[in-house]
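A.B. asks: One structure is given below, represented as structure tokens, and several questions about it will come after.
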Number of protein chains: 2
Amino acid sequence: MCDPRSDARLQTTSAAQPSRFVPQTGGIWRFMERLPLDAGPIHFPLHVGDTPLLAPGMLRAAADMPALWLKDETSGPSGSCKDRATALLLEDGARRGRDTVTTASTGNAAVSTCVGAAAMGMRAVVFVPAACDSGKLEKMEACGADVFTVDGYAAGAALSGQLARRFDWIDRNDANPVTLEAIKTVSFEIWEQLGARVPDVVVVSVGDGTMLSGIARGFRELRERHASLRLPRLIGIQAAVCRPLVCRWRGEEPAAEDLNPHATAAEGLAVVEPCEVDRTLADVSATSGELLSVTEAQIAQAAVLLATKSGLLVDPAAAAAFAGVRVARATGIIRRSDETVVVITGRSTTAPAGGHGQRQALAPPTIEGFERAIAARAP
Amino acid sequence: MCDPRSDARLQTTSAAQPSRFVPQTGGIWRFMERLPLDAGPIHFPLHVGDTPLLAPGMLRAAADMPALWLKDETSGPSGSCKDRATALLLEDGARRGRDTVTTASTGNAAVSTCVGAAAMGMRAVVFVPAACDSGKLEKMEACGADVFTVDGYAAGAALSGQLARRFDWIDRNDANPVTLEAIKTVSFEIWEQLGARVPDVVVVSVGDGTMLSGIARGFRELRERHASLRLPRLIGIQAAVCRPLVCRWRGEEPAAEDLNPHATAAEGLAVVEPCEVDRTLADVSATSGELLSVTEAQIAQAAVLLATKSGLLVDPAAAAAFAGVRVARATGIIRRSDETVVVITGRSTTAPAGGHGQRQALAPPTIEGFERAIAARAP
């Protein structure tokens, strides 16, 4: 994709016969001239990008942050921010005649890869930790993918990268720098949605660090093009039980309890050896940002707040970002009036634990029965 | 909402304080002048409408339908087409100072109501059949709603309507004709997305009949405004085990096995007494359309095809619509070249049964181990 020797002509492959496809123009493809992709019709058939920037009134009130925004990546075809890089890499791969894609993932990237591969008529070979969420595993299988469970994300990432090189498969791993090129479209959209303006702060959870670095790249490009004079402060959030980057940021040697991927509900943050260490630290530093960690309890509370105050049912990794906002707000890192965008990176497969509603059977279903049921409840 | 005596001024309520809200303009609100809502800023904070119209290349090939389109309502905030009516009714209700919404639902409308109510700071009181999908029940609870399980959809619908009248709550039931006004925006979007043209055929699954009738209304309005000279044929799909409208359409007296809501996996179609009987029959008739039923096996097969050939993981009720397309195609009701839009009404909470991928553990994670695992598989 970044190889200038590549053949720029559109290749007709069995996976993507032009006659069956209608070229796409919306979503991330609106930024074609900023993407490392040759000009030509887009075959990837799912709609990726153009995700909402929500102004969640009740959540703003609950958090006492009148300028809080949620960049809602849960509306993508597979329900996570991972769809952007999937689309870019599969589009490029189809043009090169490739028919197989591989990735290693803590969950979301693998689901996105399987969904995208199904839509493109490609084979997906994905590697996920054995502890991967069963709902996500079922989605991968439902799309017809070859799914391998391995002992930890790092082992899968190494193998997936090797297989991509050995067999010339599409390499949809976070370590592929092209992923950053796709993610930067998040920043372009935020800038557009705020009315050609960048926010004061952007908060995103950090596993491999690709989301944060991709977003940093997008805002840098906006500044280079004079669309903005400044960069937003980037605040990255890790789980307290798995925070290699936070330790590096603080110059501390991580202890065993700082590197326990099995101890967090936020699968996307269960990364002990992030592939974007130096880049993430540099991006945070260059924007006068911060790296913070949040506890499992804070993540769970944030998920409940997002559900009950904004109607968003999100992945723990996405909830972690909002948990981080609350920590940053409480410690003065974010001021009340700061225009703050939280990137909601993924949809939940299961509802957050500890549902705050009440459920009961009602028989017979009458107004009187209803009133008795309500009256009998503890206040 | 349709009451001309209503106070047109925007009311400030505790549920929706303007200072916390940023007015919305996209999605269904682009059609404000066609909606039964007074002019004024929109407070509903979730993005509803503007769902993709997908050209699924691999599915087109698999179904041998080169002009097949999928109107993908799964990208809405709660993952179903129900979000459109929820948004319109909650926006109107908030302006009238109402703080509670009620609905009865087979599943999707209740989830949508709970999600929307949470975002608006309202109380949701919802009634669902005891057999409702547990994933959907968990979502309702996670949003903080009051959830009551009752013996069947009809009993809940009756009670919900009574409560709305008794307590002046927002009535977000399919029987509320305002739901049709919201649903018609689906047709406006299809017309836009096809380049100011209506398709030959629109296929939608039919429970209460509101989707079909709302879509019919939208296309009628387009014709009235001379945006189109014709109406698409509307084809409604029911489950073979619960097909009251198909029997009425054929002039047949339904047998017990035609009215068994517990026998279908498609919860949204488990409606024995649809609220839009006459309207649905008239709309189908007026467009030279058809009402068909599909078996449970056909629904399951359609879900697998949608997953493996388009990457869409959908509700059985949505899969039923695509199953119906295949039946209509096989029987000549739809021709190969007909430009056909299938409305994908909702996202799955669980992956379709019988995942077609393969999953296995891989240890150690090496290229050699991978090759052995692949070689050992049955072809």
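Numbering starts fresh at 1 for the residues of each chain in the structure tokens, the chains themselves are lettered A, B, ... in the order given, and ligands are numbered from 1 as they appear.
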Listing only residues of chain A within 6 Å of chain B, what is the closest atom pair and its distance in Å (to one decimal) for each, using only C-alpha atoms, sorted by chain and residue number ascending, as JSON lines?
C.D. replies:
{"residue": "A:Arg20", "atom": "CA", "partner": "B:Gly57", "partner_atom": "CA", "distance": 4.8}
{"residue": "A:Phe21", "atom": "CA", "partner": "B:Gly57", "partner_atom": "CA", "distance": 5.0}
{"residue": "A:Pro45", "atom": "CA", "partner": "B:Pro56", "partner_atom": "CA", "distance": 5.8}
{"residue": "A:Pro56", "atom": "CA", "partner": "B:Pro45", "partner_atom": "CA", "distance": 5.8}
{"residue": "A:Gly57", "atom": "CA", "partner": "B:Arg20", "partner_atom": "CA", "distance": 4.8}
{"residue": "A:Ser75", "atom": "CA", "partner": "B:Ser75", "partner_atom": "CA", "distance": 5.1}
{"residue": "A:Val115", "atom": "CA", "partner": "B:Gly311", "partner_atom": "CA", "distance": 4.3}
{"residue": "A:Ala118", "atom": "CA", "partner": "B:Gly311", "partner_atom": "CA", "distance": 5.1}
{"residue": "A:Ala119", "atom": "CA", "partner": "B:Ser310", "partner_atom": "CA", "distance": 4.1}
{"residue": "A:Glu138", "atom": "CA", "partner": "B:Ala351", "partner_atom": "CA", "distance": 5.7}
{"residue": "A:Lys139", "atom": "CA", "partner": "B:Ala351", "partner_atom": "CA", "distance": 5.3}
{"residue": "A:Glu141", "atom": "CA", "partner": "B:Gly357", "partner_atom": "CA", "distance": 4.2}
{"residue": "A:Ala142", "atom": "CA", "partner": "B:Gly355", "partner_atom": "CA", "distance": 4.0}
{"residue": "A:Cys143", "atom": "CA", "partner": "B:Thr308", "partner_atom": "CA", "distance": 4.4}
{"residue": "A:Gly144", "atom": "CA", "partner": "B:Gly357", "partner_atom": "CA", "distance": 3.6}
{"residue": "A:Ala145", "atom": "CA", "partner": "B:Gly357", "partner_atom": "CA", "distance": 4.6}
{"residue": "A:Asp146", "atom": "CA", "partner": "B:Gln358", "partner_atom": "CA", "distance": 5.2}
{"residue": "A:Val147", "atom": "CA", "partner": "B:Arg359", "partner_atom": "CA", "distance": 4.6}
{"residue": "A:Phe148", "atom": "CA", "partner": "B:Gln360", "partner_atom": "CA", "distance": 5.2}
{"residue": "A:Thr149", "atom": "CA", "partner": "B:Ala361", "partner_atom": "CA", "distance": 4.6}
{"residue": "A:Val150", "atom": "CA", "partner": "B:Leu362", "partner_atom": "CA", "distance": 5.5}
{"residue": "A:Ala307", "atom": "CA", "partner": "B:Cys143", "partner_atom": "CA", "distance": 5.0}
{"residue": "A:Thr308", "atom": "CA", "partner": "B:Cys143", "partner_atom": "CA", "distance": 4.4}
{"residue": "A:Lys309", "atom": "CA", "partner": "B:Ala118", "partner_atom": "CA", "distance": 5.3}
{"residue": "A:Ser310", "atom": "CA", "partner": "B:Ala119", "partner_atom": "CA", "distance": 4.1}
{"residue": "A:Gly311", "atom": "CA", "partner": "B:Val115", "partner_atom": "CA", "distance": 4.3}
{"residue": "A:Ala351", "atom": "CA", "partner": "B:Lys139", "partner_atom": "CA", "distance": 5.3}
{"residue": "A:Gly355", "atom": "CA", "partner": "B:Ala142", "partner_atom": "CA", "distance": 4.0}
{"residue": "A:His356", "atom": "CA", "partner": "B:Gly144", "partner_atom": "CA", "distance": 4.6}
{"residue": "A:Gly357", "atom": "CA", "partner": "B:Gly144", "partner_atom": "CA", "distance": 3.6}
{"residue": "A:Gln358", "atom": "CA", "partner": "B:Asp146", "partner_atom": "CA", "distance": 5.1}
{"residue": "A:Arg359", "atom": "CA", "partner": "B:Val147", "partner_atom": "CA", "distance": 4.6}
{"residue": "A:Gln360", "atom": "CA", "partner": "B:Phe148", "partner_atom": "CA", "distance": 5.1}
{"residue": "A:Ala361", "atom": "CA", "partner": "B:Thr149", "partner_atom": "CA", "distance": 4.6}
{"residue": "A:Leu362", "atom": "CA", "partner": "B:Val150", "partner_atom": "CA", "distance": 5.5}
A.B. asks: If we count only C-alpha atoms, what is near Glu221 (chain A) at a cut-off of 10 Å, once residues fewer than 4 positions away on the same chain are taken out, given as a ChimeraX atom specification?
C.D. replies: /A:34,184,187-188,215-217,225-228,231
A.B. asks: Can you tell me, as a ChimeraX atom specification, what residues are no more than 9 Å from region 329-344 of chain B when counting only C-alpha atoms, ignoring any on the same chain fewer than 2 positions away?
C.D. replies: /B:53,63-74,80-81,186,190,198-205,289-290,314-315,317-319,321-322,324-327,346-347
A.B. asks: Of the candidates A:Leu180, A:Ala266, A:Ala376, A:Leu292, which shows the shortest atom-to-atom distance to Asn108 (chain A), using only C-alpha atoms?
C.D. replies: A:Ala266
A.B. asks: Ser288 (chain A): which residues within 8 Å, counting only C-alpha atoms, same-chain residues fewer than 3 positions away excluded, as number ranges by chain?
C.D. replies: A: 233-234, 284-285
A.B. asks: Compare A:Val101, A:Ile299, A:Leu222, A:Gln193 by their minimum atom-to-atom distance to Thr25 (chain B), counting only C-alpha atoms, and give me the closest one.
C.D. replies: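 Checking each of A:Val101, A:Ile299, A:Leu222, A:Gln193 against Thr25 (chain B), counting only C-alpha atoms, the winner is A:Gln193.
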A.B. asks: Leaving out Asp50 (chain B) and any residue of its chain fewer than 3 positions from it, which residues lie within 8 Å of it when counting only C-alpha atoms, given as a short mmCIF file (atom, residue, chain, number, x, y, z; two decimals) with N, CA, C and O atoms, in the first residue's frame?
C.D. replies:
data_model
loop_
_atom_site.label_atom_id
_atom_site.label_comp_id
_atom_site.auth_asym_id
_atom_site.auth_seq_id
_atom_site.Cartn_x
_atom_site.Cartn_y
_atom_site.Cartn_z
N GLY B 26 -29.02 15.98 11.81
CA GLY B 26 -28.85 14.90 10.84
C GLY B 26 -29.84 13.78 11.04
O GLY B 26 -30.76 13.87 11.86
N GLY B 27 -29.66 12.70 10.30
CA GLY B 27 -30.51 11.53 10.45
C GLY B 27 -31.95 11.85 10.07
O GLY B 27 -32.21 12.59 9.12
N ILE B 28 -32.89 11.31 10.82
CA ILE B 28 -34.31 11.48 10.46
C ILE B 28 -34.75 12.93 10.54
O ILE B 28 -35.74 13.31 9.91
N GLU B 189 -34.82 7.77 2.68
CA GLU B 189 -33.38 7.50 2.59
C GLU B 189 -33.06 6.55 1.43
O GLU B 189 -32.09 6.76 0.70
#
A.B. asks: Please list as a compact mmCIF listing (two decimals) with C-alpha atoms, in the first residue's frame every residue within 10 Å of Asp92 (chain A), counting only C-alpha atoms and excluding residues in the same chain fewer than 5 positions away.
C.D. replies:
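Result saved to out24.txt:
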# COMPACT_ATOMS: atom_id res chain seq x y z
CA MET A 1 0.00 0.00 0.00
CA LEU A 10 -7.36 -2.01 -10.36
CA PRO A 36 -2.27 5.40 1.27
CA LEU A 37 -4.44 3.91 -1.46
CA ASP A 38 -4.26 4.40 -5.18
CA ILE A 42 -13.77 1.28 -3.69
CA HIS A 43 -15.02 -2.30 -3.47
CA PHE A 44 -15.27 -2.78 0.30
CA THR A 86 -10.01 -3.51 8.24
CA ALA A 87 -11.69 -1.66 5.39
CA GLY A 97 -5.36 -10.04 -5.74
CA ARG A 98 -4.98 -11.32 -2.20
CA ILE A 170 -3.08 -9.32 4.11
A.B. asks: Looking only at strand (DSSP E) from DSSP on the backbone, list the matching residues of region 88-278 of chain A as a ChimeraX atom specification.
C.D. replies: /A:100-104,123-129,146-150,170-171,201-205,233-239
A.B. asks: I need the residues of region 250-339 of chain A that end up classed as helix (DSSP H, G or I) by DSSP on the backbone, written out as a count of residues only.
C.D. replies: 50
